[in-house]
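Dropping entry-v6.pdb in here (PDB, C-alpha atoms):
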MODEL        1
ATOM      1  CA  MET A   1      20.092   8.167   2.448
ATOM      2  CA  SER A   2      22.981   5.844   2.242
ATOM      3  CA  GLU A   3      22.389   2.253   1.187
ATOM      4  CA  ALA A   4      24.597  -0.797   1.296
ATOM      5  CA  THR A   5      26.972  -0.713  -1.625
ATOM      6  CA  LYS A   6      27.716  -4.130  -3.089
ATOM      7  CA  VAL A   7      31.008  -4.242  -4.955
ATOM      8  CA  ASN A   8      33.700  -6.871  -5.409
ATOM      9  CA  LYS A   9      36.723  -4.594  -5.324
ATOM     10  CA  LEU A  10      36.907  -0.843  -5.208
ATOM     11  CA  THR A  11      38.777   1.044  -7.883
ATOM     12  CA  ASP A  12      41.198   3.862  -7.076
ATOM     13  CA  GLU A  13      38.607   6.277  -8.438
ATOM     14  CA  GLN A  14      35.981   4.971  -6.008
ATOM     15  CA  LYS A  15      38.416   5.252  -3.110
ATOM     16  CA  GLN A  16      39.250   8.810  -4.101
ATOM     17  CA  ARG A  17      35.529   9.579  -4.080
ATOM     18  CA  ILE A  18      35.243   8.219  -0.537
ATOM     19  CA  ALA A  19      38.340  10.179   0.520
ATOM     20  CA  SER A  20      36.689  13.311  -0.867
ATOM     21  CA  LEU A  21      33.533  12.557   1.129
ATOM     22  CA  ILE A  22      35.654  12.245   4.274
ATOM     23  CA  LYS A  23      37.260  15.651   3.681
ATOM     24  CA  ASN A  24      33.863  17.233   3.038
ATOM     25  CA  GLU A  25      32.458  15.672   6.212
ATOM     26  CA  ILE A  26      35.393  16.953   8.276
ATOM     27  CA  ARG A  27      34.626  20.465   7.041
ATOM     28  CA  ARG A  28      30.909  20.010   7.799
ATOM     29  CA  LEU A  29      31.158  18.439  11.262
ATOM     30  CA  GLY A  30      34.234  20.420  12.272
ATOM     31  CA  THR A  31      36.775  17.754  13.274
ATOM     32  CA  GLN A  32      38.199  14.464  12.061
ATOM     33  CA  LYS A  33      37.257  12.870  15.398
ATOM     34  CA  LYS A  34      33.563  13.644  14.804
ATOM     35  CA  VAL A  35      33.745  11.910  11.430
ATOM     36  CA  ALA A  36      35.349   8.874  13.075
ATOM     37  CA  ILE A  37      32.486   8.740  15.610
ATOM     38  CA  LYS A  38      29.918   9.010  12.837
ATOM     39  CA  CYS A  39      31.557   6.197  10.861
ATOM     40  CA  GLY A  40      32.201   3.986  13.863
ATOM     41  CA  VAL A  41      35.938   3.684  13.187
ATOM     42  CA  SER A  42      39.159   5.022  14.695
ATOM     43  CA  ASP A  43      40.495   8.516  14.154
ATOM     44  CA  ALA A  44      43.654   6.950  12.697
ATOM     45  CA  ALA A  45      41.663   4.979  10.122
ATOM     46  CA  ILE A  46      39.908   8.145   8.962
ATOM     47  CA  ASP A  47      43.257   9.913   8.628
ATOM     48  CA  GLN A  48      44.711   7.069   6.537
ATOM     49  CA  LEU A  49      41.637   6.799   4.315
ATOM     50  CA  LYS A  50      41.514  10.551   3.811
ATOM     51  CA  THR A  51      45.100  10.606   2.564
ATOM     52  CA  MET A  52      44.741   7.388   0.533
ATOM     53  CA  LYS A  53      47.349   5.688   2.745
ATOM     54  CA  TYR A  54      45.189   2.937   4.224
ATOM     55  CA  GLN A  55      47.235  -0.247   3.785
ATOM     56  CA  ALA A  56      45.106  -3.055   5.253
ATOM     57  CA  GLN A  57      44.012  -5.737   2.820
ATOM     58  CA  GLY A  58      40.458  -5.745   1.549
ATOM     59  CA  ASP A  59      38.019  -2.919   1.055
ATOM     60  CA  ASP A  60      35.749  -3.477   4.052
ATOM     61  CA  MET A  61      36.911  -0.312   5.837
ATOM     62  CA  TRP A  62      36.507   1.792   2.708
ATOM     63  CA  ILE A  63      32.992   0.470   2.177
ATOM     64  CA  LYS A  64      32.006   0.905   5.839
ATOM     65  CA  VAL A  65      33.103   4.536   5.889
ATOM     66  CA  GLY A  66      31.691   5.229   2.439
ATOM     67  CA  ASN A  67      28.277   3.869   3.399
ATOM     68  CA  ALA A  68      28.274   5.937   6.592
ATOM     69  CA  LEU A  69      28.901   9.062   4.514
ATOM     70  CA  GLY A  70      26.258   8.352   1.876
ATOM     71  CA  TRP A  71      28.464   6.951  -0.872
ATOM     72  CA  LYS A  72      26.735   4.691  -3.350
ATOM     73  CA  GLU A  73      27.357   3.549  -6.879
ATOM     74  CA  ASP A  74      24.170   4.323  -8.751
ATOM     75  CA  THR A  75      23.983   5.641 -12.294
ATOM     76  CA  TRP A  76      20.496   7.070 -11.684
ATOM     77  CA  LYS A  77      20.490  10.867 -11.940
ATOM     78  CA  ILE A  78      18.065  13.258 -10.244
ATOM     79  CA  ALA A  79      16.456  15.979 -12.345
ATOM     80  CA  TYR A  80      16.727  19.171 -10.328
ATOM     81  CA  ASP A  81      14.299  21.174 -12.445
ATOM     82  CA  THR A  82      11.079  19.178 -11.921
ATOM     83  CA  ILE A  83       8.136  20.671 -10.027
ATOM     84  CA  ASP A  84       8.678  18.584  -6.909
ATOM     85  CA  SER A  85      12.463  18.982  -6.833
ATOM     86  CA  LYS A  86      11.989  22.742  -6.939
ATOM     87  CA  SER A  87       9.354  22.520  -4.193
ATOM     88  CA  VAL A  88      11.598  20.477  -1.888
ATOM     89  CA  PHE A  89      14.531  22.818  -2.600
ATOM     90  CA  ALA A  90      12.366  25.832  -1.732
ATOM     91  CA  VAL A  91      11.160  24.283   1.538
ATOM     92  CA  LEU A  92      14.665  23.303   2.650
ATOM     93  CA  LYS A  93      16.145  26.651   1.668
ATOM     94  CA  ASP A  94      13.363  28.527   3.479
ATOM     95  CA  ALA A  95      13.791  26.420   6.620
ATOM     96  CA  LYS A  96      17.569  26.943   6.594
ATOM     97  CA  GLU A  97      17.667  30.646   5.842
ATOM     98  CA  ASN A  98      14.828  31.568   8.211
ATOM     99  CA  SER A  99      15.379  28.936  10.945
ATOM    100  CA  LEU A 100      11.928  27.432  10.520
ATOM    101  CA  PHE A 101      10.475  24.069  11.538
ATOM    102  CA  ILE A 102       8.615  22.671   8.513
ATOM    103  CA  PRO A 103       7.000  19.251   7.943
ATOM    104  CA  ILE A 104       6.667  17.476   4.584
ATOM    105  CA  ALA A 105       4.003  14.740   4.466
ATOM    106  CA  GLN A 106       3.826  12.873   1.167
ATOM    107  CA  SER A 107       3.003   9.339   0.050
ATOM    108  CA  ALA A 108       5.768   6.761  -0.361
ATOM    109  CA  GLY A 109       7.662   7.253  -3.611
ATOM    110  CA  GLY A 110       6.534  10.868  -3.792
ATOM    111  CA  GLY A 111      10.048  12.227  -4.229
ATOM    112  CA  LYS A 112      10.778  13.587  -0.745
ATOM    113  CA  SER A 113      14.036  11.728  -0.161
ATOM    114  CA  SER A 114      15.382  12.202  -3.695
ATOM    115  CA  GLY A 115      14.664  15.932  -3.462
ATOM    116  CA  ILE A 116      16.451  16.072  -0.112
ATOM    117  CA  GLU A 117      19.408  14.156  -1.560
ATOM    118  CA  ALA A 118      19.629  16.587  -4.469
ATOM    119  CA  PHE A 119      19.556  19.549  -2.073
ATOM    120  CA  MET A 120      22.315  18.076   0.069
ATOM    121  CA  ASN A 121      24.445  17.427  -3.007
ATOM    122  CA  GLN A 122      24.283  21.143  -3.791
ATOM    123  CA  GLN A 123      23.984  22.682  -0.305
ATOM    124  CA  ASN A 124      26.111  20.384   1.854
ATOM    125  CA  SER A 125      27.491  23.072   4.159
ATOM    126  CA  ASN A 126      25.835  23.124   7.595
ATOM    127  CA  VAL A 127      23.079  20.693   6.539
ATOM    128  CA  PHE A 128      22.676  17.598   8.723
ATOM    129  CA  TYR A 129      20.608  14.535   7.928
ATOM    130  CA  ILE A 130      19.200  11.456   9.626
ATOM    131  CA  SER A 131      16.957   8.739   8.185
ATOM    132  CA  CYS A 132      14.769   7.257  10.910
ATOM    133  CA  LYS A 133      13.681   3.732  11.774
ATOM    134  CA  GLU A 134      11.155   2.503  14.330
ATOM    135  CA  TRP A 135      13.057   4.107  17.178
ATOM    136  CA  ASN A 136      11.965   5.250  20.603
ATOM    137  CA  LYS A 137      13.104   8.660  21.816
ATOM    138  CA  ARG A 138      16.407   7.465  23.267
ATOM    139  CA  GLU A 139      17.244   5.505  20.119
ATOM    140  CA  LEU A 140      16.532   8.557  17.980
ATOM    141  CA  LEU A 141      18.728  10.807  20.119
ATOM    142  CA  TYR A 142      21.493   8.188  20.221
ATOM    143  CA  ASN A 143      21.522   7.816  16.429
ATOM    144  CA  LEU A 144      21.225  11.571  15.928
ATOM    145  CA  CYS A 145      24.327  12.065  18.087
ATOM    146  CA  ILE A 146      26.200   9.582  15.867
ATOM    147  CA  ALA A 147      25.032  11.380  12.706
ATOM    148  CA  LEU A 148      26.385  14.637  14.155
ATOM    149  CA  GLY A 149      29.676  13.074  15.220
ATOM    150  CA  VAL A 150      28.856  13.559  18.900
ATOM    151  CA  ASP A 151      29.967  10.876  21.370
ATOM    152  CA  PRO A 152      26.776   9.074  22.520
ATOM    153  CA  SER A 153      28.353   6.788  25.129
ATOM    154  CA  PRO A 154      25.846   4.004  25.903
ATOM    155  CA  GLY A 155      25.632   4.991  29.573
ATOM    156  CA  TYR A 156      24.404   8.516  28.850
ATOM    157  CA  PRO A 157      20.789   9.093  29.950
ATOM    158  CA  GLN A 158      18.227  10.366  27.455
ATOM    159  CA  ASP A 159      18.285  13.936  28.799
ATOM    160  CA  MET A 160      22.061  14.128  28.383
ATOM    161  CA  LEU A 161      21.824  12.952  24.770
ATOM    162  CA  LEU A 162      19.261  15.695  24.106
ATOM    163  CA  GLU A 163      21.564  18.262  25.690
ATOM    164  CA  LYS A 164      24.428  17.097  23.482
ATOM    165  CA  VAL A 165      22.275  17.569  20.363
ATOM    166  CA  ILE A 166      21.155  21.012  21.520
ATOM    167  CA  ASP A 167      24.722  22.057  22.376
ATOM    168  CA  PHE A 168      25.920  20.903  18.942
ATOM    169  CA  PHE A 169      23.492  23.223  17.166
ATOM    170  CA  LYS A 170      23.841  26.143  19.584
ATOM    171  CA  VAL A 171      27.458  26.690  18.596
ATOM    172  CA  ARG A 172      26.886  26.293  14.845
ATOM    173  CA  GLN A 173      27.033  29.437  12.744
ATOM    174  CA  ASN A 174      25.573  30.234   9.318
ATOM    175  CA  LYS A 175      22.048  28.882   9.811
ATOM    176  CA  PRO A 176      22.314  25.104  10.355
ATOM    177  CA  LEU A 177      19.562  22.841   9.022
ATOM    178  CA  LEU A 178      18.559  19.452  10.409
ATOM    179  CA  ILE A 179      16.634  17.101   8.107
ATOM    180  CA  ILE A 180      14.763  14.241   9.786
ATOM    181  CA  ASP A 181      13.712  11.853   7.017
ATOM    182  CA  GLN A 182      11.344   8.866   7.281
ATOM    183  CA  ALA A 183       9.917  10.516  10.401
ATOM    184  CA  ASN A 184       6.674   8.544  10.069
ATOM    185  CA  SER A 185       8.665   5.445  11.123
ATOM    186  CA  LEU A 186       9.197   6.832  14.625
ATOM    187  CA  LYS A 187       7.053   5.736  17.516
ATOM    188  CA  PRO A 188       4.140   8.175  18.062
ATOM    189  CA  SER A 189       5.434  10.268  20.980
ATOM    190  CA  VAL A 190       9.062  10.510  19.862
ATOM    191  CA  LEU A 191       8.778  13.682  17.791
ATOM    192  CA  THR A 192       7.742  15.704  20.836
ATOM    193  CA  PHE A 193      11.501  16.043  21.494
ATOM    194  CA  LEU A 194      11.366  18.686  18.750
ATOM    195  CA  ILE A 195       9.568  20.976  21.196
ATOM    196  CA  PHE A 196      12.696  21.125  23.377
ATOM    197  CA  LEU A 197      14.923  21.537  20.319
ATOM    198  CA  TYR A 198      12.704  24.366  19.081
ATOM    199  CA  ASN A 199      12.637  26.111  22.462
ATOM    200  CA  GLU A 200      16.407  25.928  22.887
ATOM    201  CA  CYS A 201      17.411  26.692  19.291
ATOM    202  CA  GLU A 202      14.667  29.062  18.118
ATOM    203  CA  ASP A 203      15.928  31.459  15.434
ATOM    204  CA  ARG A 204      19.235  29.520  15.305
ATOM    205  CA  LEU A 205      18.243  26.205  13.718
ATOM    206  CA  GLY A 206      15.992  25.118  10.870
ATOM    207  CA  VAL A 207      14.387  21.678  10.944
ATOM    208  CA  VAL A 208      12.532  19.819   8.198
ATOM    209  CA  ILE A 209      10.799  16.581   9.135
ATOM    210  CA  ALA A 210       9.742  14.451   6.184
ATOM    211  CA  GLY A 211       7.556  11.375   6.036
ATOM    212  CA  THR A 212       4.471   9.819   4.522
ATOM    213  CA  GLU A 213       0.935  11.059   5.194
ATOM    214  CA  GLU A 214       1.056   8.861   8.309
ATOM    215  CA  LEU A 215       3.317  11.496   9.888
ATOM    216  CA  GLU A 216       0.592  14.131   9.659
ATOM    217  CA  LYS A 217      -2.102  11.667  10.749
ATOM    218  CA  LYS A 218      -0.155  10.713  13.888
ATOM    219  CA  ILE A 219       0.381  14.310  14.947
ATOM    220  CA  LYS A 220      -3.178  15.436  14.154
ATOM    221  CA  LYS A 221      -4.568  12.412  16.020
ATOM    222  CA  GLY A 222      -2.464  13.353  19.039
ATOM    223  CA  VAL A 223      -3.852  16.885  18.879
ATOM    224  CA  ARG A 224      -7.437  15.640  18.546
ATOM    225  CA  LEU A 225      -7.091  13.257  21.495
ATOM    226  CA  SER A 226      -5.232  15.857  23.597
ATOM    227  CA  TYR A 227      -2.082  13.742  23.966
ATOM    228  CA  LYS A 228       0.603  15.557  25.916
ATOM    229  CA  GLY A 229       2.838  17.732  23.728
ATOM    230  CA  TYR A 230       1.093  17.147  20.418
ATOM    231  CA  ASP A 231      -0.734  20.453  20.156
ATOM    232  CA  GLU A 232       2.464  22.329  20.990
ATOM    233  CA  LEU A 233       4.378  20.244  18.422
ATOM    234  CA  ASP A 234       1.744  20.904  15.768
ATOM    235  CA  SER A 235       1.976  24.603  16.569
ATOM    236  CA  ARG A 236       5.781  24.602  16.306
ATOM    237  CA  LEU A 237       5.407  22.989  12.868
ATOM    238  CA  GLY A 238       2.990  25.692  11.725
ATOM    239  CA  ARG A 239      -0.014  23.296  11.610
ATOM    240  CA  ARG A 240       0.480  22.955   7.842
ATOM    241  CA  TYR A 241       2.167  20.057   6.071
ATOM    242  CA  VAL A 242       3.872  20.496   2.713
ATOM    243  CA  LYS A 243       2.463  18.293  -0.069
ATOM    244  CA  LEU A 244       4.177  17.531  -3.355
ATOM    245  CA  THR A 245       2.498  17.640  -6.757
ATOM    246  CA  GLY A 246       3.835  14.584  -8.559
ATOM    247  CA  ALA A 247       5.542  14.293 -11.942
ATOM    248  CA  THR A 248       3.771  15.794 -14.927
ATOM    249  CA  LEU A 249       4.597  14.666 -18.459
ATOM    250  CA  SER A 250       7.045  17.568 -18.661
ATOM    251  CA  CYS A 251       8.732  16.396 -15.451
ATOM    252  CA  VAL A 252       8.940  12.812 -16.676
ATOM    253  CA  ARG A 253      10.550  14.032 -19.917
ATOM    254  CA  LYS A 254      13.235  15.810 -17.856
ATOM    255  CA  ILE A 255      13.824  12.731 -15.696
ATOM    256  CA  CYS A 256      14.085  10.527 -18.784
ATOM    257  CA  ALA A 257      16.397  12.932 -20.601
ATOM    258  CA  ILE A 258      18.913  13.253 -17.770
ATOM    259  CA  ASN A 259      18.978   9.455 -17.569
ATOM    260  CA  GLY A 260      19.686   8.985 -21.253
ATOM    261  CA  ILE A 261      16.235   8.605 -22.860
ATOM    262  CA  THR A 262      15.702  11.532 -25.216
ATOM    263  CA  ASP A 263      13.128  10.140 -27.645
ATOM    264  CA  PRO A 264       9.855  12.053 -26.994
ATOM    265  CA  ASP A 265       7.732   9.039 -27.920
ATOM    266  CA  VAL A 266       9.567   6.808 -25.467
ATOM    267  CA  GLN A 267       9.277   9.473 -22.787
ATOM    268  CA  ALA A 268       5.516   9.639 -23.339
ATOM    269  CA  TYR A 269       5.332   5.843 -23.265
ATOM    270  CA  ILE A 270       7.137   5.768 -19.905
ATOM    271  CA  PHE A 271       4.794   8.436 -18.534
ATOM    272  CA  ASP A 272       1.742   6.362 -19.487
ATOM    273  CA  LYS A 273       3.411   3.210 -18.146
ATOM    274  CA  CYS A 274       3.654   4.829 -14.690
ATOM    275  CA  MET A 275      -0.122   5.038 -14.196
ATOM    276  CA  PRO A 276      -0.602   8.830 -14.042
ATOM    277  CA  VAL A 277      -3.678  10.130 -12.237
ATOM    278  CA  LEU A 278      -5.686  13.301 -12.674
ATOM    279  CA  LYS A 279      -4.846  15.810  -9.960
ATOM    280  CA  GLU A 280      -5.801  19.401  -9.269
ATOM    281  CA  VAL A 281      -2.760  21.657  -8.985
ATOM    282  CA  ASP A 282      -2.216  25.366  -8.599
ATOM    283  CA  SER A 283      -1.166  27.027 -11.852
ATOM    284  CA  ASN A 284      -0.327  30.677 -11.240
ATOM    285  CA  GLY A 285      -3.136  30.962  -8.726
ATOM    286  CA  THR A 286      -5.656  29.053 -10.874
ATOM    287  CA  PRO A 287      -6.694  25.473  -9.968
ATOM    288  CA  THR A 288      -5.941  23.243 -12.962
ATOM    289  CA  LYS A 289      -6.356  19.504 -13.420
ATOM    290  CA  VAL A 290      -3.367  17.687 -14.901
ATOM    291  CA  LYS A 291      -2.138  14.111 -15.089
ATOM    292  CA  VAL A 292       0.757  13.324 -12.724
ATOM    293  CA  VAL A 293       2.738  10.286 -11.640
ATOM    294  CA  THR A 294       2.495  10.169  -7.847
ATOM    295  CA  ASP A 295       4.991   7.335  -7.266
ATOM    296  CA  LYS A 296       8.299   8.363  -8.802
ATOM    297  CA  ARG A 297       9.820   4.963  -8.107
ATOM    298  CA  LEU A 298       7.729   3.732 -11.007
ATOM    299  CA  ILE A 299       9.537   6.169 -13.305
ATOM    300  CA  LYS A 300      12.952   4.880 -12.270
ATOM    301  CA  ARG A 301      11.792   1.295 -12.705
ATOM    302  CA  ALA A 302      10.254   1.988 -16.127
ATOM    303  CA  VAL A 303      13.367   3.792 -17.394
ATOM    304  CA  LYS A 304      15.662   0.975 -16.283
ATOM    305  CA  ALA A 305      13.317  -1.654 -17.731
ATOM    306  CA  TRP A 306      13.213   0.112 -21.085
ATOM    307  CA  LYS A 307      17.009   0.355 -21.171
ATOM    308  CA  ILE A 308      17.387  -3.347 -20.382
ATOM    309  CA  GLN A 309      14.853  -4.314 -23.044
ATOM    310  CA  ASN A 310      16.694  -2.177 -25.584
ATOM    311  CA  GLN A 311      20.121  -3.367 -24.430
ATOM    312  CA  GLU A 312      21.374   0.050 -23.418
ATOM    313  CA  ASP A 313      24.117   0.426 -20.844
TER
ENDMDL
END
What does the file become when written as structure tokens?
Amino acid sequence: MSEATKVNKLTDEQKQRIASLIKNEIRRLGTQKKVAIKCGVSDAAIDQLKTMKYQAQGDDMWIKVGNALGWKEDTWKIAYDTIDSKSVFAVLKDAKENSLFIPIAQSAGGGKSSGIEAFMNQQNSNVFYISCKEWNKRELLYNLCIALGVDPSPGYPQDMLLEKVIDFFKVRQNKPLLIIDQANSLKPSVLTFLIFLYNECEDRLGVVIAGTEELEKKIKKGVRLSYKGYDELDSRLGRRYVKLTGATLSCVRKICAINGITDPDVQAYIFDKCMPVLKEVDSNGTPTKVKVVTDKRLIKRAVKAWKIQNQED
């Protein structure tokens, strides 16, 4: 969820924010050394940054560590009380509290990652996150080890990396949760590693894998064509994939309001600008058709565009 943060020079306030993130990550991962591994820097550098005593010139180290820990300077605020934010919260909470493996498959811009980010902002303790790229199984395990602060020495074979991940979660208390985001980016057979994770950590670990509809299509295709491990994986995931609703006019009003646009007419204008579509949703057990915005990135873009056009900061 982190993204490159482009700044000229960090303020003391920004550095204090990064120092706070370091302290939180030490509490979450367990040791300062694990945080250093995750950030790709020395233990001494983490100690100096944490205590605001880092003396080297320039802010490159601050920015490197901040980016590794999810720091970003973005004035955009997430509305926690929209339909989809509540849905994502409920899924993540259920997976964590009941040690379940649950998949979310939703179109790009559907609000999966923002909902996950909001959850982690509120429920940071014992929640671990990785955003995937087009990795093979070894690359996934290697990067997962880094995200957990576990030493993934390049010479370690794939099986040893898997054991390190399993051992990390076996000793965790208080219902750990692993979130694997952008899982549709992974090469088709990679997610079968979850079978081993499930078998070794059943009733100890919750896992949510999130991706576009392509995630579900890949797994269902593997089941249909009898690819090794896919039917078992589908079974471990409950054979059902969580779908999100989209943003209704009421949701868009909440998103606009928290981001500084309170005029109801402007809120309605932004809703219409985002090309809402008619969709059947469940309303207290009764199917109801309502207009929703399915790509929430359009909302963010429309809000920012309106502010620029009206010269608002």
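Closest approach to Ile209 of chain A from the set A:Leu69, A:Val41, A:Ile116, A:Ile83 is made by A:Ile116, with distances taken over only C-alpha atoms.
Using all atoms listed in the file, the nearest neighbour of Pro103 of chain A within the list A:Tyr54, A:Tyr227, A:Trp62, A:Tyr241 is A:Tyr241.
Excluding Lys243 of chain A and any residue on its chain fewer than 3 positions from it, the residues at most 8 Å away by all atoms listed in the file are Ile104, Ala105 and Gln106 of chain A.
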Would you kindly identify which residues have an atom no farther than 12 Å from (8.1, 0.4, -19.1), using all atoms listed in the file and the file's own coordinates, and write them out as a PyMOL selection string? chain A and resi 256+266-275+298-310
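Listed by chain and then by number, the residues chosen by the PyMOL selection byres ((chain A and resi 79) around 9) in this file are Lys77, Ile78, Tyr80, Asp81, Thr82, Ser85, Ala118, Cys251, Lys254, Ile255, Cys256, Ala257, Ile258 and Asn259 of chain A.
Going from atom CA of Asn143 of chain A to atom CA of Lys53 of chain A covers 29.3 Å.
Counting only C-alpha atoms and comparing A:Met120, A:Val242, A:Leu205, A:Leu225, the residue that lies closest to Pro176 of chain A is A:Leu205.
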Excluding same-chain residues fewer than 6 positions from Asn126 of chain A, what lies within 9 Å of it counting all atoms listed in the file, as a PyMOL selection string? chain A and resi 28-29+172-178
At what distance in Å, to one decimal, does atom CA of Thr31 of chain A lie from atom CA of Asp47 of chain A? 11.2 Å
Straight-line distance linking atom CA of Arg204 of chain A with atom CA of Pro157 of chain A, stated in Å to one decimal: 25.2 Å
Counting only C-alpha atoms, which residues in segment 129-237 of chain A sit no more than 9 Å from segment 89-94 of chain A? For each one, give the nearest pair of atoms and the distance in Å, sorted by chain then residue number, as a Markdown table.
| residue | atom | partner | partner_atom | distance |
| --- | --- | --- | --- | --- |
| A:Leu177 | CA | A:Leu92 | CA | 8.0 |
| A:Ile179 | CA | A:Leu92 | CA | 8.5 |
| A:Gly206 | CA | A:Leu92 | CA | 8.5 |
| A:Val207 | CA | A:Leu92 | CA | 8.5 |
| A:Val208 | CA | A:Leu92 | CA | 6.9 |
Given the selection you just returned, output its residues as a file containing C-alpha atoms, formatted as a tab-separated table (two decimals), keeping the file's coordinate frame.
chain	number	residue	atom	x	y	z
A	177	LEU	CA	19.56	22.84	9.02
A	179	ILE	CA	16.63	17.10	8.11
A	206	GLY	CA	15.99	25.12	10.87
A	207	VAL	CA	14.39	21.68	10.94
A	208	VAL	CA	12.53	19.82	8.20
Of the listed residues A:Asn24, A:Asn67, A:Thr212, A:Gln48, that which approaches Gly111 of chain A most closely, counting all atoms listed in the file: A:Thr212
So for segment 115-133 of chain A, what box centre and size do we get, axis-aligned, 6 Å extra on each of the six sides, every listed atom, Å to one decimal, as lines of an AutoDock Vina configuration file?
center_x = 20.6
center_y = 13.4
center_z = 3.7
size_x = 25.8
size_y = 31.4
size_z = 28.2
Given the PyMOL selection byres ((chain A and resi 150-153) around 8) and the file above, list the residues it selects as a PyMOL selection string. chain A and resi 34+37-38+142+145-149+154-156+161+164-165+168
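Across the chains present, the PyMOL selection byres ((chain A and resi 18) around 9) applied to this file returns Glu13, Gln14, Lys15, Gln16, Arg17, Ala19, Ser20, Leu21, Ile22, Lys23, Leu49, Lys50, Trp62, Ile63, Val65, Gly66, Leu69 and Trp71 of chain A.
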Need the shell around segment 183-199 of chain A: protein/DNA/RNA residues with any atom at most 10 Å away, counting all atoms listed in the file. Skip same-chain ones fewer than 5 positions apart. Format as a VMD selection string? chain A and resid 99 to 101 103 to 105 130 to 141 162 to 163 165 to 166 169 204 to 219 221 to 222 227 to 237
